[in-house]
>>> print(open('coords_10.cif').read())   # mmCIF, N, CA and C atoms
data_run
loop_
_atom_site.label_atom_id
_atom_site.label_comp_id
_atom_site.auth_asym_id
_atom_site.auth_seq_id
_atom_site.Cartn_x
_atom_site.Cartn_y
_atom_site.Cartn_z
N MET A 1 47.58 -31.87 52.87
CA MET A 1 46.79 -32.79 52.08
C MET A 1 47.71 -33.83 51.43
N SER A 2 47.64 -35.04 51.87
CA SER A 2 48.54 -36.06 51.33
C SER A 2 48.10 -36.58 49.98
N GLY A 3 46.82 -36.48 49.62
CA GLY A 3 46.33 -37.02 48.36
C GLY A 3 46.50 -36.10 47.17
N VAL A 4 47.12 -34.95 47.36
CA VAL A 4 47.33 -34.02 46.26
C VAL A 4 48.41 -34.57 45.34
N THR A 5 48.14 -34.57 44.03
CA THR A 5 49.11 -35.05 43.06
C THR A 5 49.67 -33.89 42.26
N PHE A 6 50.74 -34.16 41.57
CA PHE A 6 51.39 -33.20 40.69
C PHE A 6 50.79 -33.41 39.30
N GLY A 7 49.72 -32.67 39.02
CA GLY A 7 49.00 -32.86 37.77
C GLY A 7 48.22 -34.16 37.77
N ARG A 8 47.86 -34.60 36.58
CA ARG A 8 47.08 -35.82 36.43
C ARG A 8 47.86 -36.79 35.55
N LYS A 9 47.87 -38.06 35.96
CA LYS A 9 48.58 -39.06 35.16
C LYS A 9 48.07 -38.99 33.72
N GLN A 10 48.99 -38.98 32.78
CA GLN A 10 48.64 -38.83 31.37
C GLN A 10 48.57 -40.19 30.68
N VAL A 11 47.58 -40.34 29.81
CA VAL A 11 47.48 -41.53 28.96
C VAL A 11 48.17 -41.17 27.66
N LEU A 12 49.30 -41.79 27.41
CA LEU A 12 50.12 -41.42 26.26
C LEU A 12 49.95 -42.41 25.12
N THR A 13 49.97 -41.89 23.92
CA THR A 13 49.89 -42.73 22.73
C THR A 13 51.29 -42.92 22.15
N PRO A 14 51.53 -44.00 21.42
CA PRO A 14 52.85 -44.18 20.81
C PRO A 14 53.22 -42.98 19.93
N GLY A 15 54.44 -42.53 20.05
CA GLY A 15 54.91 -41.39 19.27
C GLY A 15 54.52 -40.04 19.84
N SER A 16 53.89 -40.03 21.02
CA SER A 16 53.48 -38.77 21.65
C SER A 16 54.71 -37.93 22.01
N PRO A 17 54.67 -36.60 21.80
CA PRO A 17 55.80 -35.76 22.19
C PRO A 17 55.87 -35.53 23.69
N VAL A 18 54.92 -36.04 24.44
CA VAL A 18 54.87 -35.83 25.88
C VAL A 18 55.49 -37.02 26.60
N ILE A 19 56.39 -36.74 27.52
CA ILE A 19 56.96 -37.80 28.35
C ILE A 19 56.12 -37.97 29.61
N ALA A 20 55.82 -36.86 30.28
CA ALA A 20 55.00 -36.84 31.49
C ALA A 20 55.59 -37.62 32.65
N ASP A 21 56.89 -37.69 32.76
CA ASP A 21 57.54 -38.33 33.89
C ASP A 21 57.20 -37.58 35.16
N GLY A 22 56.76 -38.29 36.18
CA GLY A 22 56.44 -37.68 37.47
C GLY A 22 55.06 -37.06 37.54
N ILE A 23 54.40 -36.90 36.43
CA ILE A 23 53.07 -36.28 36.42
C ILE A 23 52.07 -37.29 36.98
N GLY A 24 51.18 -36.81 37.86
CA GLY A 24 50.20 -37.67 38.50
C GLY A 24 50.68 -38.30 39.78
N LYS A 25 51.88 -37.95 40.22
CA LYS A 25 52.44 -38.51 41.45
C LYS A 25 52.39 -37.49 42.59
N VAL A 26 52.55 -37.98 43.80
CA VAL A 26 52.67 -37.13 44.97
C VAL A 26 54.16 -36.82 45.16
N LYS A 27 54.49 -35.55 45.25
CA LYS A 27 55.87 -35.09 45.47
C LYS A 27 56.90 -35.80 44.57
N PRO A 28 56.76 -35.68 43.26
CA PRO A 28 57.72 -36.38 42.39
C PRO A 28 59.14 -35.84 42.57
N SER A 29 60.13 -36.73 42.48
CA SER A 29 61.52 -36.31 42.61
C SER A 29 62.12 -35.93 41.26
N THR A 30 61.43 -36.27 40.17
CA THR A 30 61.78 -35.82 38.82
C THR A 30 60.47 -35.55 38.10
N PHE A 31 60.52 -34.68 37.11
CA PHE A 31 59.36 -34.54 36.23
C PHE A 31 59.78 -34.02 34.87
N ALA A 32 59.01 -34.40 33.88
CA ALA A 32 59.20 -33.93 32.51
C ALA A 32 57.82 -33.72 31.92
N ILE A 33 57.65 -32.65 31.16
CA ILE A 33 56.34 -32.40 30.57
C ILE A 33 56.34 -32.50 29.05
N THR A 34 57.50 -32.62 28.45
CA THR A 34 57.62 -32.92 27.02
C THR A 34 58.89 -33.73 26.82
N SER A 35 59.13 -34.14 25.60
CA SER A 35 60.33 -34.91 25.32
C SER A 35 61.56 -34.03 25.16
N HIS A 36 61.40 -32.71 25.20
CA HIS A 36 62.53 -31.81 25.04
C HIS A 36 63.37 -31.79 26.31
N HIS A 37 64.68 -31.91 26.17
CA HIS A 37 65.57 -32.02 27.33
C HIS A 37 65.50 -30.83 28.28
N THR A 38 65.12 -29.66 27.81
CA THR A 38 65.04 -28.50 28.70
C THR A 38 63.80 -28.55 29.59
N MET A 39 62.91 -29.48 29.35
CA MET A 39 61.68 -29.59 30.14
C MET A 39 61.76 -30.73 31.15
N TYR A 40 62.95 -31.21 31.43
CA TYR A 40 63.16 -32.31 32.36
C TYR A 40 63.87 -31.77 33.60
N VAL A 41 63.27 -31.98 34.77
CA VAL A 41 63.80 -31.48 36.03
C VAL A 41 64.08 -32.68 36.93
N THR A 42 65.29 -32.74 37.47
CA THR A 42 65.69 -33.85 38.34
C THR A 42 66.02 -33.34 39.74
N ASP A 43 66.28 -34.27 40.64
CA ASP A 43 66.70 -33.94 42.01
C ASP A 43 65.75 -32.96 42.69
N VAL A 44 64.46 -33.15 42.46
CA VAL A 44 63.44 -32.25 43.02
C VAL A 44 63.25 -32.55 44.51
N VAL A 45 63.34 -31.49 45.32
CA VAL A 45 63.10 -31.59 46.76
C VAL A 45 62.04 -30.56 47.11
N TRP A 46 60.91 -31.03 47.60
CA TRP A 46 59.77 -30.16 47.91
C TRP A 46 59.92 -29.58 49.32
N SER A 47 59.84 -28.26 49.43
CA SER A 47 59.89 -27.60 50.74
C SER A 47 58.49 -27.35 51.28
N SER A 48 57.49 -27.40 50.39
CA SER A 48 56.09 -27.29 50.82
C SER A 48 55.24 -28.13 49.88
N TRP A 49 54.13 -28.63 50.41
CA TRP A 49 53.22 -29.48 49.63
C TRP A 49 51.86 -29.49 50.31
N GLY A 50 50.79 -29.45 49.53
CA GLY A 50 49.44 -29.55 50.08
C GLY A 50 48.74 -28.21 50.24
N ASP A 51 49.46 -27.11 50.20
CA ASP A 51 48.86 -25.78 50.29
C ASP A 51 48.51 -25.27 48.89
N GLN A 52 47.99 -24.07 48.81
CA GLN A 52 47.63 -23.48 47.51
C GLN A 52 48.82 -23.38 46.57
N VAL A 53 50.01 -23.20 47.13
CA VAL A 53 51.23 -23.14 46.34
C VAL A 53 52.24 -24.11 46.94
N ALA A 54 52.85 -24.93 46.09
CA ALA A 54 53.93 -25.82 46.52
C ALA A 54 55.22 -25.31 45.92
N ARG A 55 56.31 -25.45 46.66
CA ARG A 55 57.61 -24.98 46.18
C ARG A 55 58.66 -26.09 46.35
N ALA A 56 59.58 -26.09 45.40
CA ALA A 56 60.67 -27.07 45.44
C ALA A 56 61.87 -26.48 44.71
N THR A 57 62.99 -27.13 44.90
CA THR A 57 64.16 -26.84 44.08
C THR A 57 64.52 -28.14 43.36
N GLY A 58 65.20 -27.99 42.23
CA GLY A 58 65.62 -29.14 41.45
C GLY A 58 66.76 -28.72 40.54
N ILE A 59 67.10 -29.58 39.61
CA ILE A 59 68.17 -29.31 38.65
C ILE A 59 67.58 -29.43 37.24
N ALA A 60 67.85 -28.42 36.40
CA ALA A 60 67.35 -28.43 35.03
C ALA A 60 68.36 -27.73 34.12
N GLU A 61 68.21 -27.95 32.83
CA GLU A 61 69.07 -27.26 31.86
C GLU A 61 68.58 -25.83 31.69
N ASN A 62 69.52 -24.90 31.77
CA ASN A 62 69.19 -23.48 31.70
C ASN A 62 69.53 -22.94 30.31
N GLY A 63 68.49 -22.70 29.52
CA GLY A 63 68.67 -22.13 28.19
C GLY A 63 68.28 -20.67 28.11
N GLU A 64 68.07 -20.03 29.28
CA GLU A 64 67.57 -18.64 29.30
C GLU A 64 68.50 -17.66 28.61
N ASN A 65 69.80 -17.84 28.69
CA ASN A 65 70.74 -16.87 28.11
C ASN A 65 71.63 -17.51 27.06
N SER A 66 71.09 -18.47 26.33
CA SER A 66 71.90 -19.20 25.36
C SER A 66 71.31 -19.10 23.97
N ASP A 67 72.17 -18.97 22.98
CA ASP A 67 71.73 -18.98 21.58
C ASP A 67 71.64 -20.41 21.05
N SER A 68 72.26 -21.35 21.73
CA SER A 68 72.29 -22.73 21.29
C SER A 68 71.64 -23.62 22.35
N MET A 69 70.94 -24.64 21.91
CA MET A 69 70.31 -25.58 22.84
C MET A 69 71.21 -26.80 23.09
N VAL A 70 72.45 -26.73 22.66
CA VAL A 70 73.40 -27.81 22.82
C VAL A 70 74.27 -27.53 24.06
N ASP A 71 74.51 -28.55 24.84
CA ASP A 71 75.39 -28.47 26.01
C ASP A 71 75.00 -27.34 26.98
N LEU A 72 73.73 -27.25 27.29
CA LEU A 72 73.27 -26.24 28.24
C LEU A 72 73.73 -26.60 29.65
N PRO A 73 74.02 -25.60 30.49
CA PRO A 73 74.41 -25.90 31.86
C PRO A 73 73.23 -26.40 32.68
N ARG A 74 73.47 -27.38 33.54
CA ARG A 74 72.43 -27.85 34.47
C ARG A 74 72.62 -27.04 35.75
N GLN A 75 71.53 -26.39 36.16
CA GLN A 75 71.60 -25.48 37.30
C GLN A 75 70.41 -25.68 38.22
N LYS A 76 70.53 -25.09 39.40
CA LYS A 76 69.45 -25.12 40.37
C LYS A 76 68.24 -24.39 39.80
N ALA A 77 67.07 -25.04 39.88
CA ALA A 77 65.82 -24.46 39.41
C ALA A 77 64.88 -24.25 40.59
N TYR A 78 64.15 -23.15 40.55
CA TYR A 78 63.15 -22.82 41.57
C TYR A 78 61.79 -23.16 40.98
N ILE A 79 61.10 -24.11 41.59
CA ILE A 79 59.86 -24.67 41.05
C ILE A 79 58.68 -24.21 41.90
N THR A 80 57.63 -23.75 41.24
CA THR A 80 56.40 -23.35 41.92
C THR A 80 55.24 -24.07 41.24
N ALA A 81 54.33 -24.64 42.04
CA ALA A 81 53.14 -25.30 41.50
C ALA A 81 51.91 -24.72 42.19
N LYS A 82 50.83 -24.54 41.40
CA LYS A 82 49.59 -23.98 41.93
C LYS A 82 48.52 -25.06 42.02
N LEU A 83 47.81 -25.06 43.16
CA LEU A 83 46.78 -26.05 43.44
C LEU A 83 45.49 -25.75 42.68
N GLY A 84 44.87 -26.79 42.19
CA GLY A 84 43.57 -26.71 41.52
C GLY A 84 42.93 -28.08 41.60
N THR A 85 42.12 -28.42 40.61
CA THR A 85 41.54 -29.75 40.53
C THR A 85 41.72 -30.29 39.12
N CYS A 86 41.99 -31.58 39.03
CA CYS A 86 42.05 -32.30 37.76
C CYS A 86 40.96 -33.35 37.81
N ARG A 87 39.96 -33.17 36.98
CA ARG A 87 38.82 -34.10 36.92
C ARG A 87 38.25 -34.36 38.31
N GLY A 88 38.07 -33.27 39.06
CA GLY A 88 37.43 -33.34 40.36
C GLY A 88 38.32 -33.74 41.52
N ARG A 89 39.61 -33.96 41.29
CA ARG A 89 40.51 -34.36 42.37
C ARG A 89 41.54 -33.26 42.61
N PRO A 90 41.96 -33.07 43.88
CA PRO A 90 42.96 -32.04 44.15
C PRO A 90 44.30 -32.38 43.51
N ALA A 91 44.85 -31.40 42.81
CA ALA A 91 46.13 -31.60 42.13
C ALA A 91 46.76 -30.25 41.86
N TYR A 92 48.07 -30.26 41.76
CA TYR A 92 48.75 -29.05 41.28
C TYR A 92 48.58 -29.05 39.77
N THR A 93 47.91 -28.04 39.26
CA THR A 93 47.52 -28.00 37.85
C THR A 93 48.44 -27.13 37.00
N LYS A 94 49.17 -26.25 37.63
CA LYS A 94 50.09 -25.36 36.91
C LYS A 94 51.46 -25.44 37.56
N VAL A 95 52.51 -25.41 36.73
CA VAL A 95 53.87 -25.43 37.25
C VAL A 95 54.73 -24.45 36.46
N ALA A 96 55.66 -23.83 37.16
CA ALA A 96 56.63 -22.94 36.52
C ALA A 96 57.96 -23.12 37.23
N TRP A 97 59.05 -22.88 36.49
CA TRP A 97 60.37 -22.88 37.12
C TRP A 97 61.29 -21.93 36.38
N ASN A 98 62.28 -21.46 37.12
CA ASN A 98 63.28 -20.56 36.57
C ASN A 98 64.56 -20.78 37.37
N PHE A 99 65.58 -19.99 37.07
CA PHE A 99 66.89 -20.21 37.68
C PHE A 99 67.33 -19.07 38.58
N THR A 100 66.37 -18.22 38.99
CA THR A 100 66.70 -17.05 39.80
C THR A 100 66.05 -17.09 41.18
N SER A 101 64.69 -17.26 41.22
CA SER A 101 63.98 -17.19 42.49
C SER A 101 62.55 -17.70 42.34
N PHE A 102 61.93 -18.04 43.47
CA PHE A 102 60.51 -18.40 43.46
C PHE A 102 59.67 -17.22 43.00
N GLU A 103 60.06 -16.01 43.40
CA GLU A 103 59.29 -14.80 43.07
C GLU A 103 59.21 -14.57 41.57
N LYS A 104 60.25 -14.94 40.85
CA LYS A 104 60.23 -14.75 39.39
C LYS A 104 59.11 -15.56 38.74
N ASN A 105 58.78 -16.73 39.29
CA ASN A 105 57.67 -17.52 38.76
C ASN A 105 56.36 -16.74 38.86
N GLU A 106 56.16 -16.05 39.97
CA GLU A 106 54.92 -15.30 40.19
C GLU A 106 54.79 -14.10 39.27
N THR A 107 55.89 -13.55 38.82
CA THR A 107 55.82 -12.33 38.01
C THR A 107 55.88 -12.61 36.50
N ASN A 108 55.94 -13.89 36.10
CA ASN A 108 56.00 -14.24 34.68
C ASN A 108 54.76 -15.04 34.29
N PRO A 109 53.68 -14.38 33.87
CA PRO A 109 52.44 -15.10 33.57
C PRO A 109 52.56 -16.07 32.39
N GLN A 110 53.53 -15.88 31.51
CA GLN A 110 53.69 -16.78 30.37
C GLN A 110 54.50 -18.03 30.73
N GLY A 111 55.07 -18.09 31.92
CA GLY A 111 55.95 -19.19 32.28
C GLY A 111 55.27 -20.41 32.85
N TRP A 112 53.96 -20.45 32.91
CA TRP A 112 53.24 -21.55 33.56
C TRP A 112 52.84 -22.62 32.55
N TYR A 113 52.96 -23.88 32.96
CA TYR A 113 52.56 -25.01 32.13
C TYR A 113 51.37 -25.71 32.77
N ASN A 114 50.41 -26.12 31.96
CA ASN A 114 49.24 -26.84 32.41
C ASN A 114 49.62 -28.32 32.54
N ILE A 115 49.63 -28.85 33.75
CA ILE A 115 49.98 -30.25 33.92
C ILE A 115 48.76 -31.10 34.30
N CYS A 116 47.58 -30.50 34.24
CA CYS A 116 46.37 -31.29 34.43
C CYS A 116 46.03 -32.02 33.13
N ASP A 117 46.18 -31.33 32.04
CA ASP A 117 45.90 -31.93 30.74
C ASP A 117 46.97 -31.47 29.77
N LEU A 118 48.07 -32.20 29.70
CA LEU A 118 49.19 -31.77 28.87
C LEU A 118 48.82 -31.67 27.39
N ALA A 119 47.85 -32.43 26.96
CA ALA A 119 47.46 -32.40 25.55
C ALA A 119 46.87 -31.06 25.15
N SER A 120 46.45 -30.25 26.14
CA SER A 120 45.83 -28.96 25.83
C SER A 120 46.85 -27.85 25.65
N ASN A 121 48.13 -28.12 25.90
CA ASN A 121 49.15 -27.09 25.75
C ASN A 121 49.37 -26.72 24.31
#
>>> encode(input="coords_10.cif", output="structure tokens")
Amino acid sequence: MSGVTFGRKQVLTPGSPVIADGIGKVKPSTFAITSHHTMYVTDVVWSSWGDQVARATGIAENGENSDSMVDLPRQKAYITAKLGTCRGRPAYTKVAWNFTSFEKNETNPQGWYNICDLASN
């Protein structure tokens, strides 16, 4: 499905904590879902797209084993997105990433972000 987007393009207000880079695009090469630096993923390469689950790898700051959010290492991230609908259109509505494996995304129910409507998070 070529018309599937990564979430829904967000209408942002001045001073909004949401960046939403890459949201609402097809196969974005970067994405951010908030203004926090740990929520920004770059160098995204999609290995699948258009199915119920899309997978990609990218680079993100890894704060999983750190007491400080300063100078976090940038590491390979495993990204998984789940297909749904945003306002009646096909889109990946949920996304998760980690630094170990695609399978870890599936086993962590708290790790998913709603990218159909970021304001609802």
>>> residues_around(input="coords_10.cif", residues="range 101-111 of chain A", least_positions_apart="5", cutoff="9 Å", atoms="only C-alpha atoms", output="number ranges by chain")
A: 55-56, 77-80, 95-96
>>> atom_distance(input="coords_10.cif", atom1="atom N of Met39 in chain A", atom2="atom C of Val70 in chain A")
12.7 Å
>>> resolve_selection(input="coords_10.cif", expression="the PyMOL selection byres (((chain A and resi 94 and name CA) around 12) and name CA)", output="VMD selection string")
chain A and resid 5 to 8 23 33 52 to 55 79 to 86 91 to 93 95 to 97 105 to 106 109 to 118 121
>>> write_last_selection(input="coords_10.cif", atoms="N, CA and C atoms", output="compact mmCIF listing (two decimals), in the coordinates of the input")
# COMPACT_ATOMS: atom_id res chain seq x y z
N THR A 5 48.14 -34.57 44.03
CA THR A 5 49.11 -35.05 43.06
C THR A 5 49.67 -33.89 42.26
N PHE A 6 50.74 -34.16 41.57
CA PHE A 6 51.39 -33.20 40.69
C PHE A 6 50.79 -33.41 39.30
N GLY A 7 49.72 -32.67 39.02
CA GLY A 7 49.00 -32.86 37.77
C GLY A 7 48.22 -34.16 37.77
N ARG A 8 47.86 -34.60 36.58
CA ARG A 8 47.08 -35.82 36.43
C ARG A 8 47.86 -36.79 35.55
N ILE A 23 54.40 -36.90 36.43
CA ILE A 23 53.07 -36.28 36.42
C ILE A 23 52.07 -37.29 36.98
N ILE A 33 57.65 -32.65 31.16
CA ILE A 33 56.34 -32.40 30.57
C ILE A 33 56.34 -32.50 29.05
N GLN A 52 47.99 -24.07 48.81
CA GLN A 52 47.63 -23.48 47.51
C GLN A 52 48.82 -23.38 46.57
N VAL A 53 50.01 -23.20 47.13
CA VAL A 53 51.23 -23.14 46.34
C VAL A 53 52.24 -24.11 46.94
N ALA A 54 52.85 -24.93 46.09
CA ALA A 54 53.93 -25.82 46.52
C ALA A 54 55.22 -25.31 45.92
N ARG A 55 56.31 -25.45 46.66
CA ARG A 55 57.61 -24.98 46.18
C ARG A 55 58.66 -26.09 46.35
N ILE A 79 61.10 -24.11 41.59
CA ILE A 79 59.86 -24.67 41.05
C ILE A 79 58.68 -24.21 41.90
N THR A 80 57.63 -23.75 41.24
CA THR A 80 56.40 -23.35 41.92
C THR A 80 55.24 -24.07 41.24
N ALA A 81 54.33 -24.64 42.04
CA ALA A 81 53.14 -25.30 41.50
C ALA A 81 51.91 -24.72 42.19
N LYS A 82 50.83 -24.54 41.40
CA LYS A 82 49.59 -23.98 41.93
C LYS A 82 48.52 -25.06 42.02
N LEU A 83 47.81 -25.06 43.16
CA LEU A 83 46.78 -26.05 43.44
C LEU A 83 45.49 -25.75 42.68
N GLY A 84 44.87 -26.79 42.19
CA GLY A 84 43.57 -26.71 41.52
C GLY A 84 42.93 -28.08 41.60
N THR A 85 42.12 -28.42 40.61
CA THR A 85 41.54 -29.75 40.53
C THR A 85 41.72 -30.29 39.12
N CYS A 86 41.99 -31.58 39.03
CA CYS A 86 42.05 -32.30 37.76
C CYS A 86 40.96 -33.35 37.81
N ALA A 91 44.85 -31.40 42.81
CA ALA A 91 46.13 -31.60 42.13
C ALA A 91 46.76 -30.25 41.86
N TYR A 92 48.07 -30.26 41.76
CA TYR A 92 48.75 -29.05 41.28
C TYR A 92 48.58 -29.05 39.77
N THR A 93 47.91 -28.04 39.26
CA THR A 93 47.52 -28.00 37.85
C THR A 93 48.44 -27.13 37.00
N VAL A 95 52.51 -25.41 36.73
CA VAL A 95 53.87 -25.43 37.25
C VAL A 95 54.73 -24.45 36.46
N ALA A 96 55.66 -23.83 37.16
CA ALA A 96 56.63 -22.94 36.52
C ALA A 96 57.96 -23.12 37.23
N TRP A 97 59.05 -22.88 36.49
CA TRP A 97 60.37 -22.88 37.12
C TRP A 97 61.29 -21.93 36.38
N ASN A 105 58.78 -16.73 39.29
CA ASN A 105 57.67 -17.52 38.76
C ASN A 105 56.36 -16.74 38.86
N GLU A 106 56.16 -16.05 39.97
CA GLU A 106 54.92 -15.30 40.19
C GLU A 106 54.79 -14.10 39.27
N PRO A 109 53.68 -14.38 33.87
CA PRO A 109 52.44 -15.10 33.57
C PRO A 109 52.56 -16.07 32.39
N GLN A 110 53.53 -15.88 31.51
CA GLN A 110 53.69 -16.78 30.37
C GLN A 110 54.50 -18.03 30.73
N GLY A 111 55.07 -18.09 31.92
CA GLY A 111 55.95 -19.19 32.28
C GLY A 111 55.27 -20.41 32.85
N TRP A 112 53.96 -20.45 32.91
CA TRP A 112 53.24 -21.55 33.56
C TRP A 112 52.84 -22.62 32.55
N TYR A 113 52.96 -23.88 32.96
CA TYR A 113 52.56 -25.01 32.13
C TYR A 113 51.37 -25.71 32.77
N ASN A 114 50.41 -26.12 31.96
CA ASN A 114 49.24 -26.84 32.41
C ASN A 114 49.62 -28.32 32.54
N ILE A 115 49.63 -28.85 33.75
CA ILE A 115 49.98 -30.25 33.92
C ILE A 115 48.76 -31.10 34.30
N CYS A 116 47.58 -30.50 34.24
CA CYS A 116 46.37 -31.29 34.43
C CYS A 116 46.03 -32.02 33.13
N ASP A 117 46.18 -31.33 32.04
CA ASP A 117 45.90 -31.93 30.74
C ASP A 117 46.97 -31.47 29.77
N LEU A 118 48.07 -32.20 29.70
CA LEU A 118 49.19 -31.77 28.87
C LEU A 118 48.82 -31.67 27.39
N ASN A 121 48.13 -28.12 25.90
CA ASN A 121 49.15 -27.09 25.75
C ASN A 121 49.37 -26.72 24.31
>>> resolve_selection(input="coords_10.cif", expression="the PyMOL selection byres ((chain A and resi 73) around 6)", output="list in words")
Ala60, Glu61, Asn62, Asp71, Leu72, Arg74 and Gln75 of chain A
>>> write_last_selection(input="coords_10.cif", atoms="N, CA and C atoms", output="tab-separated table (two decimals), keeping the file's coordinate frame")
chain	number	residue	atom	x	y	z
A	60	ALA	N	67.85	-28.42	36.40
A	60	ALA	CA	67.35	-28.43	35.03
A	60	ALA	C	68.36	-27.73	34.12
A	61	GLU	N	68.21	-27.95	32.83
A	61	GLU	CA	69.07	-27.26	31.86
A	61	GLU	C	68.58	-25.83	31.69
A	62	ASN	N	69.52	-24.90	31.77
A	62	ASN	CA	69.19	-23.48	31.70
A	62	ASN	C	69.53	-22.94	30.31
A	71	ASP	N	74.51	-28.55	24.84
A	71	ASP	CA	75.39	-28.47	26.01
A	71	ASP	C	75.00	-27.34	26.98
A	72	LEU	N	73.73	-27.25	27.29
A	72	LEU	CA	73.27	-26.24	28.24
A	72	LEU	C	73.73	-26.60	29.65
A	74	ARG	N	73.47	-27.38	33.54
A	74	ARG	CA	72.43	-27.85	34.47
A	74	ARG	C	72.62	-27.04	35.75
A	75	GLN	N	71.53	-26.39	36.16
A	75	GLN	CA	71.60	-25.48	37.30
A	75	GLN	C	70.41	-25.68	38.22
>>> select_by_dssp(input="coords_10.cif", residues="chain A", states="alpha helix (DSSP H)", output="ChimeraX atom specification")
/A:102-106
>>> atom_distance(input="coords_10.cif", atom1="CA of Ser48 in chain A", atom2="CA of Lys76 in chain A")
17.1 Å
>>> closest_residue(input="coords_10.cif", among="A:Gln10, A:Gly88, A:Val45, A:Gly50", to="Ala32 in chain A", atoms="only C-alpha atoms")
A:Gln10
>>> select_by_dssp(input="coords_10.cif", residues="range 8-61 of chain A", states="strand (DSSP E or B)", output="ChimeraX atom specification")
/A:25,31-32,40-46,53-61
>>> write_last_selection(input="coords_10.cif", atoms="N, CA and C atoms", output="JSON list (two decimals), in the frame of the given file")
[["chain", "number", "residue", "atom", "x", "y", "z"],
["A", 25, "LYS", "N", 51.88, -37.95, 40.22],
["A", 25, "LYS", "CA", 52.44, -38.51, 41.45],
["A", 25, "LYS", "C", 52.39, -37.49, 42.59],
["A", 31, "PHE", "N", 60.52, -34.68, 37.11],
["A", 31, "PHE", "CA", 59.36, -34.54, 36.23],
["A", 31, "PHE", "C", 59.78, -34.02, 34.87],
["A", 32, "ALA", "N", 59.01, -34.40, 33.88],
["A", 32, "ALA", "CA", 59.20, -33.93, 32.51],
["A", 32, "ALA", "C", 57.82, -33.72, 31.92],
["A", 40, "TYR", "N", 62.95, -31.21, 31.43],
["A", 40, "TYR", "CA", 63.16, -32.31, 32.36],
["A", 40, "TYR", "C", 63.87, -31.77, 33.60],
["A", 41, "VAL", "N", 63.27, -31.98, 34.77],
["A", 41, "VAL", "CA", 63.80, -31.48, 36.03],
["A", 41, "VAL", "C", 64.08, -32.68, 36.93],
["A", 42, "THR", "N", 65.29, -32.74, 37.47],
["A", 42, "THR", "CA", 65.69, -33.85, 38.34],
["A", 42, "THR", "C", 66.02, -33.34, 39.74],
["A", 43, "ASP", "N", 66.28, -34.27, 40.64],
["A", 43, "ASP", "CA", 66.70, -33.94, 42.01],
["A", 43, "ASP", "C", 65.75, -32.96, 42.69],
["A", 44, "VAL", "N", 64.46, -33.15, 42.46],
["A", 44, "VAL", "CA", 63.44, -32.25, 43.02],
["A", 44, "VAL", "C", 63.25, -32.55, 44.51],
["A", 45, "VAL", "N", 63.34, -31.49, 45.32],
["A", 45, "VAL", "CA", 63.10, -31.59, 46.76],
["A", 45, "VAL", "C", 62.04, -30.56, 47.11],
["A", 46, "TRP", "N", 60.91, -31.03, 47.60],
["A", 46, "TRP", "CA", 59.77, -30.16, 47.91],
["A", 46, "TRP", "C", 59.92, -29.58, 49.32],
["A", 53, "VAL", "N", 50.01, -23.20, 47.13],
["A", 53, "VAL", "CA", 51.23, -23.14, 46.34],
["A", 53, "VAL", "C", 52.24, -24.11, 46.94],
["A", 54, "ALA", "N", 52.85, -24.93, 46.09],
["A", 54, "ALA", "CA", 53.93, -25.82, 46.52],
["A", 54, "ALA", "C", 55.22, -25.31, 45.92],
["A", 55, "ARG", "N", 56.31, -25.45, 46.66],
["A", 55, "ARG", "CA", 57.61, -24.98, 46.18],
["A", 55, "ARG", "C", 58.66, -26.09, 46.35],
["A", 56, "ALA", "N", 59.58, -26.09, 45.40],
["A", 56, "ALA", "CA", 60.67, -27.07, 45.44],
["A", 56, "ALA", "C", 61.87, -26.48, 44.71],
["A", 57, "THR", "N", 62.99, -27.13, 44.90],
["A", 57, "THR", "CA", 64.16, -26.84, 44.08],
["A", 57, "THR", "C", 64.52, -28.14, 43.36],
["A", 58, "GLY", "N", 65.20, -27.99, 42.23],
["A", 58, "GLY", "CA", 65.62, -29.14, 41.45],
["A", 58, "GLY", "C", 66.76, -28.72, 40.54],
["A", 59, "ILE", "N", 67.10, -29.58, 39.61],
["A", 59, "ILE", "CA", 68.17, -29.31, 38.65],
["A", 59, "ILE", "C", 67.58, -29.43, 37.24],
["A", 60, "ALA", "N", 67.85, -28.42, 36.40],
["A", 60, "ALA", "CA", 67.35, -28.43, 35.03],
["A", 60, "ALA", "C", 68.36, -27.73, 34.12],
["A", 61, "GLU", "N", 68.21, -27.95, 32.83],
["A", 61, "GLU", "CA", 69.07, -27.26, 31.86],
["A", 61, "GLU", "C", 68.58, -25.83, 31.69]]
>>> atom_distance(input="coords_10.cif", atom1="atom C of Thr30 in chain A", atom2="CA of Thr100 in chain A")
19.6 Å
